[in-house]
Each structure stands twice: as C-alpha cells, then as structure tokens.
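> Compact mmCIF, C-alpha atoms and all ligand atoms, file query-v9.txt:
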```txt
# COMPACT_ATOMS: atom_id res chain seq x y z
CA MET A 170 -36.39 70.66 -27.43
CA LYS A 171 -38.12 74.00 -27.01
CA ILE A 172 -36.57 75.86 -24.12
CA ILE A 173 -37.01 79.28 -22.56
CA LEU A 174 -34.20 80.70 -20.44
CA LEU A 175 -35.61 82.94 -17.74
CA GLY A 176 -33.80 85.03 -15.16
CA PRO A 177 -32.73 88.57 -14.38
CA PRO A 178 -30.35 90.43 -16.67
CA GLY A 179 -26.82 89.33 -15.83
CA ALA A 180 -27.91 85.91 -14.50
CA GLY A 181 -25.86 84.15 -17.16
CA LYS A 182 -28.54 83.34 -19.76
CA GLY A 183 -26.44 84.26 -22.79
CA THR A 184 -23.42 82.42 -21.40
CA GLN A 185 -25.38 79.21 -20.79
CA ALA A 186 -27.35 79.59 -24.03
CA LYS A 187 -24.17 79.24 -26.06
CA PHE A 188 -23.33 75.91 -24.36
CA ILE A 189 -26.90 74.58 -24.49
CA SER A 190 -27.27 75.44 -28.15
CA GLU A 191 -24.06 73.51 -28.99
CA GLU A 192 -24.88 70.53 -26.76
CA TYR A 193 -28.47 70.02 -27.94
CA PHE A 194 -28.16 71.36 -31.53
CA ILE A 195 -30.87 73.99 -31.23
CA PRO A 196 -30.69 77.62 -32.39
CA HIS A 197 -30.01 80.25 -29.73
CA ILE A 198 -32.44 83.12 -30.21
CA SER A 199 -31.71 86.24 -28.18
CA THR A 200 -34.01 89.24 -28.59
CA GLY A 201 -31.27 91.44 -27.11
CA ASP A 202 -28.82 90.25 -29.81
CA ILE A 203 -31.43 90.85 -32.52
CA PHE A 204 -32.00 94.42 -31.30
CA ARG A 205 -28.26 95.14 -30.95
CA LYS A 206 -27.57 93.85 -34.48
CA ASN A 207 -30.29 96.10 -35.86
CA ILE A 208 -28.96 99.05 -33.88
CA SER A 209 -25.45 98.58 -35.23
CA GLU A 210 -26.83 98.29 -38.78
CA LYS A 211 -29.05 101.36 -38.21
CA THR A 212 -32.15 99.60 -39.58
CA PRO A 213 -35.60 101.18 -38.90
CA LEU A 214 -36.09 98.58 -36.14
CA GLY A 215 -32.69 99.46 -34.69
CA ILE A 216 -33.45 103.18 -34.70
CA GLU A 217 -36.76 102.51 -32.91
CA ALA A 218 -35.26 100.02 -30.41
CA LYS A 219 -32.17 102.09 -29.51
CA LYS A 220 -34.00 104.55 -27.27
CA TYR A 221 -35.41 101.74 -25.15
CA LEU A 222 -32.15 99.79 -24.85
CA ASP A 223 -30.17 102.91 -23.93
CA GLU A 224 -32.54 103.59 -21.04
CA GLY A 225 -32.83 99.97 -19.92
CA LYS A 226 -36.53 99.88 -20.79
CA LEU A 227 -38.37 97.16 -22.66
CA VAL A 228 -39.02 97.53 -26.37
CA PRO A 229 -42.85 97.63 -26.81
CA ASP A 230 -44.53 94.23 -26.84
CA GLU A 231 -46.06 94.51 -30.30
CA VAL A 232 -42.66 95.19 -31.89
CA THR A 233 -40.93 92.38 -29.98
CA ILE A 234 -43.71 89.84 -30.51
CA ASN A 235 -43.74 90.42 -34.29
CA ILE A 236 -39.99 89.93 -34.53
CA MET A 237 -40.20 86.69 -32.60
CA LYS A 238 -43.08 85.30 -34.64
CA ASN A 239 -41.01 85.87 -37.79
CA ARG A 240 -37.93 84.32 -36.24
CA LEU A 241 -39.75 81.26 -34.90
CA GLY A 242 -41.30 80.68 -38.32
CA MET A 243 -37.87 80.08 -39.84
CA ASP A 244 -36.76 76.62 -40.88
CA ASP A 245 -34.08 76.13 -38.23
CA CYS A 246 -36.71 76.35 -35.45
CA LYS A 247 -38.75 73.36 -36.65
CA ASP A 248 -37.08 70.85 -34.31
CA GLY A 249 -36.52 73.12 -31.35
CA PHE A 250 -35.08 76.40 -30.15
CA LEU A 251 -33.68 78.16 -27.12
CA LEU A 252 -35.17 81.54 -26.24
CA ASP A 253 -32.95 83.95 -24.32
CA GLY A 254 -34.52 87.21 -23.17
CA PHE A 255 -37.97 86.42 -24.53
CA PRO A 256 -40.67 86.43 -23.23
CA ARG A 257 -40.09 89.27 -20.79
CA THR A 258 -43.72 90.20 -20.03
CA VAL A 259 -46.86 88.15 -19.38
CA ASN A 260 -48.28 89.65 -22.56
CA GLN A 261 -45.32 88.31 -24.56
CA ALA A 262 -45.67 84.89 -22.89
CA LYS A 263 -49.36 84.71 -23.84
CA ALA A 264 -48.56 85.75 -27.41
CA LEU A 265 -45.87 83.05 -27.57
CA ASP A 266 -48.27 80.39 -26.26
CA SER A 267 -50.88 81.39 -28.77
CA TYR A 268 -48.39 81.43 -31.67
CA LEU A 269 -46.98 78.01 -30.75
CA GLY A 270 -50.51 76.64 -30.25
CA SER A 271 -51.44 77.80 -33.74
CA VAL A 272 -48.61 75.70 -35.22
CA GLY A 273 -49.24 72.70 -32.94
CA GLN A 274 -46.22 73.24 -30.70
CA LYS A 275 -45.54 74.03 -27.04
CA ILE A 276 -42.66 74.90 -24.75
CA ASP A 277 -41.00 71.85 -23.13
CA VAL A 278 -39.27 73.59 -20.28
CA VAL A 279 -38.55 77.02 -18.81
CA LEU A 280 -35.15 77.08 -17.11
CA LEU A 281 -35.00 79.78 -14.46
CA ILE A 282 -31.36 80.71 -13.80
CA ASP A 283 -31.59 81.52 -10.12
CA VAL A 284 -28.96 83.99 -8.89
CA PRO A 285 -29.20 86.22 -5.82
CA LYS A 286 -29.39 89.98 -6.46
CA GLU A 287 -25.97 90.63 -4.82
CA LEU A 288 -24.21 88.62 -7.55
CA ILE A 289 -26.17 90.14 -10.42
CA PHE A 290 -24.85 93.67 -10.09
CA ASP A 291 -21.25 92.47 -10.16
CA ARG A 292 -21.89 90.19 -13.16
CA MET A 293 -23.51 92.95 -15.19
CA THR A 294 -21.10 95.79 -14.49
CA GLY A 295 -18.11 93.49 -15.12
CA ARG A 296 -19.47 92.18 -18.44
CA ARG A 297 -17.49 93.07 -21.57
CA VAL A 298 -18.53 92.20 -25.11
CA CYS A 299 -16.88 92.08 -28.50
CA PRO A 300 -18.61 94.55 -30.85
CA SER A 301 -17.35 92.62 -33.90
CA CYS A 302 -18.21 88.98 -33.18
CA GLY A 303 -20.50 89.24 -30.13
CA ALA A 304 -18.35 87.10 -27.78
CA SER A 305 -18.96 87.91 -24.13
CA TYR A 306 -16.50 88.10 -21.20
CA HIS A 307 -16.31 89.15 -17.58
CA ILE A 308 -13.38 91.13 -16.22
CA LYS A 309 -13.14 88.86 -13.15
CA TYR A 310 -15.02 85.62 -13.86
CA ASN A 311 -14.36 85.05 -17.55
CA PRO A 312 -11.51 87.33 -18.66
CA PRO A 313 -10.11 87.20 -22.18
CA LYS A 314 -6.61 85.74 -22.62
CA ILE A 315 -5.18 89.18 -23.51
CA GLU A 316 -6.63 92.01 -21.43
CA GLY A 317 -9.11 94.10 -23.41
CA LYS A 318 -8.93 91.94 -26.57
CA CYS A 319 -11.46 89.41 -27.88
CA ASP A 320 -10.09 85.83 -27.86
CA VAL A 321 -11.99 85.00 -31.04
CA CYS A 322 -11.32 87.96 -33.35
CA HIS A 323 -8.84 90.14 -31.39
CA SER A 324 -11.04 93.28 -31.57
CA ASP A 325 -11.15 95.61 -28.55
CA ILE A 326 -13.85 94.48 -26.14
CA VAL A 327 -16.22 97.09 -24.69
CA GLN A 328 -18.75 97.60 -21.91
CA ARG A 329 -22.35 97.54 -23.12
CA LYS A 330 -23.93 101.00 -22.84
CA ASP A 331 -26.73 99.51 -20.71
CA ASP A 332 -24.32 97.78 -18.28
CA THR A 333 -23.34 100.98 -16.49
CA GLN A 334 -24.36 101.27 -12.84
CA SER A 335 -27.38 103.57 -13.30
CA THR A 336 -28.90 101.61 -16.21
CA VAL A 337 -28.31 98.30 -14.47
CA LYS A 338 -30.42 99.55 -11.58
CA SER A 339 -33.33 100.47 -13.80
CA ARG A 340 -33.06 97.18 -15.72
CA LEU A 341 -33.31 95.26 -12.46
CA ASP A 342 -36.41 97.29 -11.52
CA VAL A 343 -37.93 96.48 -14.92
CA TYR A 344 -37.19 92.79 -14.31
CA ASP A 345 -38.87 92.84 -10.89
CA LYS A 346 -42.00 94.56 -12.16
CA GLN A 347 -42.46 93.13 -15.65
CA THR A 348 -40.57 89.85 -15.98
CA GLU A 349 -40.59 88.22 -12.55
CA PRO A 350 -44.37 87.52 -12.80
CA LEU A 351 -43.46 84.99 -15.52
CA ILE A 352 -42.12 82.69 -12.81
CA GLY A 353 -45.67 82.19 -11.49
CA TYR A 354 -47.05 82.02 -15.02
CA TYR A 355 -44.80 79.08 -15.95
CA LYS A 356 -45.07 77.43 -12.55
CA ASN A 357 -48.83 77.23 -13.18
CA GLN A 358 -48.14 75.57 -16.51
CA GLU A 359 -45.86 73.07 -14.70
CA VAL A 360 -42.93 73.70 -17.05
CA LEU A 361 -40.71 75.68 -14.66
CA SER A 362 -37.35 74.15 -13.74
CA ILE A 363 -35.08 76.08 -11.35
CA VAL A 364 -31.32 76.00 -12.01
CA ASN A 365 -28.87 76.99 -9.29
CA GLY A 366 -26.97 79.80 -11.04
CA THR A 367 -24.58 80.77 -8.26
CA GLY A 368 -21.53 78.63 -9.12
CA GLY A 369 -18.90 79.22 -11.80
CA ILE A 370 -19.84 79.09 -15.47
CA ASN A 371 -18.96 75.38 -15.91
CA GLN A 372 -20.73 74.39 -12.71
CA VAL A 373 -23.90 76.16 -13.79
CA PHE A 374 -23.79 74.30 -17.12
CA GLU A 375 -23.56 71.00 -15.22
CA ASN A 376 -26.65 72.11 -13.26
CA VAL A 377 -28.45 72.97 -16.50
CA LYS A 378 -27.69 69.55 -18.03
CA SER A 379 -28.85 67.79 -14.92
CA ASN A 380 -32.15 69.74 -15.03
CA LEU A 381 -32.58 68.86 -18.72
CA LYS A 382 -31.81 65.15 -18.26
CA ASP A 383 -35.41 64.12 -17.65
CA ILE A 384 -36.75 66.26 -20.46
CA HIS A 385 -34.24 65.36 -23.19
CA LYS A 386 -34.80 61.66 -23.75
P1 LIG B 1 -27.50 87.49 -19.30
O1 LIG B 1 -27.49 86.96 -20.71
O2 LIG B 1 -28.42 86.73 -18.40
O3 LIG B 1 -27.74 88.96 -19.23
P2 LIG B 1 -24.64 86.88 -19.38
O4 LIG B 1 -24.62 85.47 -19.79
O5 LIG B 1 -24.24 87.90 -20.39
O6 LIG B 1 -26.05 87.26 -18.69
O7 LIG B 1 -23.70 87.00 -18.08
C1 LIG B 1 -23.48 88.28 -17.46
C2 LIG B 1 -22.00 88.40 -17.07
O8 LIG B 1 -21.71 87.46 -16.03
C3 LIG B 1 -21.02 88.10 -18.21
O9 LIG B 1 -19.93 88.97 -18.09
C4 LIG B 1 -20.61 86.64 -17.95
O10 LIG B 1 -19.28 86.38 -18.41
C5 LIG B 1 -20.70 86.54 -16.44
N1 LIG B 1 -21.15 85.23 -15.98
C6 LIG B 1 -22.08 84.42 -16.55
N2 LIG B 1 -22.26 83.30 -15.83
C7 LIG B 1 -21.43 83.41 -14.76
C8 LIG B 1 -21.14 82.56 -13.62
N3 LIG B 1 -21.75 81.39 -13.46
N4 LIG B 1 -20.23 83.01 -12.74
C9 LIG B 1 -19.61 84.20 -12.89
N5 LIG B 1 -19.83 85.03 -13.92
C10 LIG B 1 -20.72 84.64 -14.85
P1 LIG B 2 -30.58 91.51 -23.07
O1 LIG B 2 -29.51 91.40 -24.09
O2 LIG B 2 -31.46 90.31 -22.99
O3 LIG B 2 -30.04 91.95 -21.73
O4 LIG B 2 -31.54 92.69 -23.57
C1 LIG B 2 -31.06 94.01 -23.75
C2 LIG B 2 -32.22 94.97 -23.96
O5 LIG B 2 -32.95 94.63 -25.15
C3 LIG B 2 -33.27 95.02 -22.85
O6 LIG B 2 -32.89 95.84 -21.76
C4 LIG B 2 -34.47 95.60 -23.62
O7 LIG B 2 -34.31 96.99 -23.85
C5 LIG B 2 -34.35 94.91 -24.98
N1 LIG B 2 -35.06 93.61 -24.98
C6 LIG B 2 -34.50 92.36 -25.08
N2 LIG B 2 -35.45 91.41 -25.06
C7 LIG B 2 -36.64 92.05 -24.93
C8 LIG B 2 -38.00 91.64 -24.85
N3 LIG B 2 -38.33 90.33 -24.85
N4 LIG B 2 -38.95 92.59 -24.72
C9 LIG B 2 -38.65 93.88 -24.73
N5 LIG B 2 -37.40 94.36 -24.78
C10 LIG B 2 -36.39 93.48 -24.91
```
Could I get this file's structure written as structure tokens?


Amino acid sequence: MKIILLGPPGAGKGTQAKFISEEYFIPHISTGDIFRKNISEKTPLGIEAKKYLDEGKLVPDEVTINIMKNRLGMDDCKDGFLLDGFPRTVNQAKALDSYLGSVGQKIDVVLLIDVPKELIFDRMTGRRVCPSCGASYHIKYNPPKIEGKCDVCHSDIVQRKDDTQSTVKSRLDVYDKQTEPLIGYYKNQEVLSIVNGTGGINQVFENVKSNLKDIHK
C-alpha cells in the first residue's frame, strides 16, 4: 500500500505512522525525522535545514523533493510506503505524482487525520521526544513510565525546539497557508479518506484501520 498521512502538525501522524507501518509492513518515511537526523549529524543538509526547522518554516521544495525522490527509489519502497509530513505543498504533491507516474506507481490513499485546532496546541506543546532513539511521548496523553525518561532507552526526553508556544503558532499558520490546500488537491483525485483523530491514541488507530479496510484487500 502507498499511503500519505496528511494533517496539521501535532495531529498524531507520527504516532499513527508507527502503528500503521508495523501492521501493514511498510516503511515509515518522515521528512521531519530525516531533517532532524541530518541536523543532529551536522551534515550539509542538516546545516541548511536547521534554520527553517528552528523557525517553523518549510524547507525549500527543491531540497525536500530531491530527498524524497532518493528515498522512494530505495528497495524497501518497492511494495509500498507510508509518507508522514510529505507532501506539504501543492508543488511537492505534483512532484510526487510525477515521480510516481514515471515509475508506474500511484498513491492508494491519503489519510487526513482530522483534529480540531483546540486539541492541536495542547498535543504539540505537551510532546516530548527521546533525542537518542526518537521515541515520542506526551506529558498528559502518553507519558513515559518514569517521568522524564525514555521507556525504550532510558535517556532524558526533551521538548522539540519547534514545539514551543511561539513556533507552534507559526507552524500552524504555515499549515493553513501551504499544506491545507492539499486536502482539495487529493479530494479531486478521489483518494482522500478522513480519519476522526479526536479520540485517544488506540481509538484513532482503530479508526485508521477501519478506513484502510476497503483499500487493503
Ligand atoms: P505529528 O506527527 O502529526 O506532528 P505526533 O504523532 O508527534 O504528531 O503527536 C503529537 C503529540 O500528541 C505527541 O506528544 C503524541 O504523543 C500526542 N498524541 C498523538 N495522538 C494522540 C491522541 N490521539 N490523543 C492524545 N494525544 C495524542
Ligand atoms: P514534522 O516532524 O513533520 O513536524 O516536521 C518538522 C519540520 O521539518 C517542519 O516544521 C519543516 O521545517 C520541516 N519539514 C518536514 N517535512 C517537510 C516538507 N515536506 N517540506 C518542507 N519542510 C518540511
């Protein structure tokens, strides 16, 4: 299956992506994770991307599109993939369509994780991540077993630099202006499937599976 996860930052895309990837045996590809890994390794891409991530702005399309073309060309993507955080602009969506078309593929479904704005702010500012293994938590909704420590590797968990109140606001503005138009784009292609994202994490996964039932046969 070739799936795109769409939705505002903080909607729960990364959280659901982990479950979906395990359930359907497809690689989880997150552009945000790719950028953060490069930033922590101080690669040329990381140095370039850091200024955009710190300010909550989008990394330029040409940079992002090239990274994704390389990633999608890898062997593990042959039988399907799950995109989380890409595409984020209509330009990126068109580039993705054209790349997939050139290799005789297409997207099966775009899952829009639908969460009202009031919940988003709380989800993002309460998010904590493990800088060592990448595991993600929420101080209220998904706390680690020992406060402040990663369940998986016991490192100290931290708040992402772009999850502070002021950056969250600008990231939501960026979503409204640049990413929300993708809803209409994929509705026109008749691949959009809306998932109710308001319940708890397990409930939302049940909703996701139910939306995927007709597609995954
Ligand atoms: P995204 O990848 O869309 O930015 P995440 O999956 O990282 O969002 O989720 C943002 C925060 O909200 C995380 O701290 C996560 O633990 C929490 N979260 C995710 N899904 C839910 C949910 N259904 N209910 C409550 N909190 C959630
Ligand atoms: P995320 O982890 O998806 O919340 O993304 C974190 C940050 O990475 C975003 O605020 C952007 O700065 C950058 N980013 C992630 N995906 C993209 C993309 N598709 N296009 C441009 N920038 C991106």

> Would you mind listing, for every residue of chain A within 8 Å of ligand LIG 1 (chain B), the two atoms forming the shortest contact and the distance between them in Å to one decimal, using all atoms listed in the file, sorted by chain and ascending residue number, as JSON lines?


```
{"residue": "A:Gly176", "atom": "CA", "partner": "B:LIG1", "partner_atom": "O2", "distance": 6.5}
{"residue": "A:Pro177", "atom": "CA", "partner": "B:LIG1", "partner_atom": "O2", "distance": 6.2}
{"residue": "A:Pro178", "atom": "CA", "partner": "B:LIG1", "partner_atom": "O3", "distance": 3.9}
{"residue": "A:Gly179", "atom": "CA", "partner": "B:LIG1", "partner_atom": "O3", "distance": 3.5}
{"residue": "A:Ala180", "atom": "CA", "partner": "B:LIG1", "partner_atom": "O2", "distance": 4.0}
{"residue": "A:Gly181", "atom": "CA", "partner": "B:LIG1", "partner_atom": "O4", "distance": 3.2}
{"residue": "A:Lys182", "atom": "CA", "partner": "B:LIG1", "partner_atom": "O2", "distance": 3.7}
{"residue": "A:Gly183", "atom": "CA", "partner": "B:LIG1", "partner_atom": "O1", "distance": 3.6}
{"residue": "A:Thr184", "atom": "CA", "partner": "B:LIG1", "partner_atom": "O4", "distance": 3.7}
{"residue": "A:Gln185", "atom": "CA", "partner": "B:LIG1", "partner_atom": "O4", "distance": 6.4}
{"residue": "A:Ala186", "atom": "CA", "partner": "B:LIG1", "partner_atom": "O4", "distance": 7.7}
{"residue": "A:Asp253", "atom": "CA", "partner": "B:LIG1", "partner_atom": "O1", "distance": 7.2}
{"residue": "A:Gly254", "atom": "CA", "partner": "B:LIG1", "partner_atom": "O1", "distance": 7.5}
{"residue": "A:Ile289", "atom": "CA", "partner": "B:LIG1", "partner_atom": "O8", "distance": 7.7}
{"residue": "A:Asp291", "atom": "CA", "partner": "B:LIG1", "partner_atom": "O8", "distance": 7.7}
{"residue": "A:Arg292", "atom": "CA", "partner": "B:LIG1", "partner_atom": "O8", "distance": 4.0}
{"residue": "A:Met293", "atom": "CA", "partner": "B:LIG1", "partner_atom": "C2", "distance": 5.1}
{"residue": "A:Thr294", "atom": "CA", "partner": "B:LIG1", "partner_atom": "O9", "distance": 7.8}
{"residue": "A:Gly295", "atom": "CA", "partner": "B:LIG1", "partner_atom": "O9", "distance": 5.7}
{"residue": "A:Arg296", "atom": "CA", "partner": "B:LIG1", "partner_atom": "O9", "distance": 3.3}
{"residue": "A:Arg297", "atom": "CA", "partner": "B:LIG1", "partner_atom": "O9", "distance": 5.9}
{"residue": "A:Val298", "atom": "CA", "partner": "B:LIG1", "partner_atom": "O9", "distance": 7.9}
{"residue": "A:Ser305", "atom": "CA", "partner": "B:LIG1", "partner_atom": "O10", "distance": 5.9}
{"residue": "A:Tyr306", "atom": "CA", "partner": "B:LIG1", "partner_atom": "O10", "distance": 4.3}
{"residue": "A:His307", "atom": "CA", "partner": "B:LIG1", "partner_atom": "O9", "distance": 3.7}
{"residue": "A:Ile308", "atom": "CA", "partner": "B:LIG1", "partner_atom": "O9", "distance": 7.1}
{"residue": "A:Lys309", "atom": "CA", "partner": "B:LIG1", "partner_atom": "N5", "distance": 7.7}
{"residue": "A:Tyr310", "atom": "CA", "partner": "B:LIG1", "partner_atom": "N5", "distance": 4.8}
{"residue": "A:Asn311", "atom": "CA", "partner": "B:LIG1", "partner_atom": "O10", "distance": 5.2}
{"residue": "A:Pro312", "atom": "CA", "partner": "B:LIG1", "partner_atom": "O10", "distance": 7.8}
{"residue": "A:Gly366", "atom": "CA", "partner": "B:LIG1", "partner_atom": "N3", "distance": 6.0}
{"residue": "A:Thr367", "atom": "CA", "partner": "B:LIG1", "partner_atom": "N3", "distance": 6.0}
{"residue": "A:Gly368", "atom": "CA", "partner": "B:LIG1", "partner_atom": "N3", "distance": 5.1}
{"residue": "A:Gly369", "atom": "CA", "partner": "B:LIG1", "partner_atom": "N3", "distance": 3.9}
{"residue": "A:Ile370", "atom": "CA", "partner": "B:LIG1", "partner_atom": "N3", "distance": 3.6}
{"residue": "A:Asn371", "atom": "CA", "partner": "B:LIG1", "partner_atom": "N3", "distance": 7.1}
{"residue": "A:Gln372", "atom": "CA", "partner": "B:LIG1", "partner_atom": "N3", "distance": 7.1}
{"residue": "A:Val373", "atom": "CA", "partner": "B:LIG1", "partner_atom": "N3", "distance": 5.7}
```

> Determine, counting all atoms listed in the file, every residue of protein, DNA or RNA that lies within 10 Å of (-31.0, 81.7, -5.2) in the file coordinates, then give the result as a ChimeraX atom specification.

/A:282-286,288,363-367

> Within 12 Å of stretch 265-268 of chain A, counting only C-alpha atoms, which residues qualify if same-chain residues fewer than 3 places away don't, as a CSV table (one decimal) with C-alpha atoms, keeping the file's coordinate frame?


```
chain,number,residue,atom,x,y,z
A,171,LYS,CA,-38.1,74.0,-27.0
A,173,ILE,CA,-37.0,79.3,-22.6
A,230,ASP,CA,-44.5,94.2,-26.8
A,231,GLU,CA,-46.1,94.5,-30.3
A,233,THR,CA,-40.9,92.4,-30.0
A,234,ILE,CA,-43.7,89.8,-30.5
A,235,ASN,CA,-43.7,90.4,-34.3
A,236,ILE,CA,-40.0,89.9,-34.5
A,237,MET,CA,-40.2,86.7,-32.6
A,238,LYS,CA,-43.1,85.3,-34.6
A,239,ASN,CA,-41.0,85.9,-37.8
A,240,ARG,CA,-37.9,84.3,-36.2
A,241,LEU,CA,-39.8,81.3,-34.9
A,242,GLY,CA,-41.3,80.7,-38.3
A,252,LEU,CA,-35.2,81.5,-26.2
A,255,PHE,CA,-38.0,86.4,-24.5
A,256,PRO,CA,-40.7,86.4,-23.2
A,257,ARG,CA,-40.1,89.3,-20.8
A,258,THR,CA,-43.7,90.2,-20.0
A,259,VAL,CA,-46.9,88.2,-19.4
A,260,ASN,CA,-48.3,89.6,-22.6
A,261,GLN,CA,-45.3,88.3,-24.6
A,262,ALA,CA,-45.7,84.9,-22.9
A,271,SER,CA,-51.4,77.8,-33.7
A,272,VAL,CA,-48.6,75.7,-35.2
A,273,GLY,CA,-49.2,72.7,-32.9
A,274,GLN,CA,-46.2,73.2,-30.7
A,275,LYS,CA,-45.5,74.0,-27.0
A,276,ILE,CA,-42.7,74.9,-24.8
A,277,ASP,CA,-41.0,71.8,-23.1
A,354,TYR,CA,-47.0,82.0,-15.0
A,355,TYR,CA,-44.8,79.1,-16.0
A,358,GLN,CA,-48.1,75.6,-16.5
```

> Could you work out how far atom CA of A:Lys187 lies from atom N2 of ligand LIG 2 (chain B), giving the answer in Å with one decimal?

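Taking atom N2 of ligand LIG 2 (chain B) and atom CA of A:Lys187, their separation equals 16.6 Å.
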
> So that I can see what lies close to stretch 216-226 of chain A, please list as a PyMOL selection string the residues with an atom at most 6 Å from it, counting only C-alpha atoms and leaving out residues fewer than 3 positions away in the same chain.

chain A and resi 211+213+331+336+340

> Considering all atoms listed in the file, state which residue in the set A:Asp332, A:Asp320, A:Glu192, A:Asp325 is at the smallest distance from ligand LIG 2 (chain B).

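Closest residue, counting all atoms listed in the file: A:Asp332.
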
> In Å, rounded to a single decimal, give me how far atom N1 of ligand LIG 2 (chain B) is from atom CA of A:Ala264.

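Separation between atom CA of A:Ala264 and atom N1 of ligand LIG 2 (chain B): 15.8 Å.
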
> Please provide as JSON, numbers by chain all residues within 10 Å of A:Gly303, with the sequence filter that same-chain residues fewer than 5 positions apart are discarded (counting all atoms listed in the file).

{"A": [202, 205, 206, 297, 298, 319, 321, 322, 326]}

> Could you write out that same residue set with C-alpha atoms as a compact mmCIF listing (two decimals), keeping the file's coordinate frame?


```txt
# COMPACT_ATOMS: atom_id res chain seq x y z
CA ASP A 202 -28.82 90.25 -29.81
CA ARG A 205 -28.26 95.14 -30.95
CA LYS A 206 -27.57 93.85 -34.48
CA ARG A 297 -17.49 93.07 -21.57
CA VAL A 298 -18.53 92.20 -25.11
CA CYS A 319 -11.46 89.41 -27.88
CA VAL A 321 -11.99 85.00 -31.04
CA CYS A 322 -11.32 87.96 -33.35
CA ILE A 326 -13.85 94.48 -26.14
```
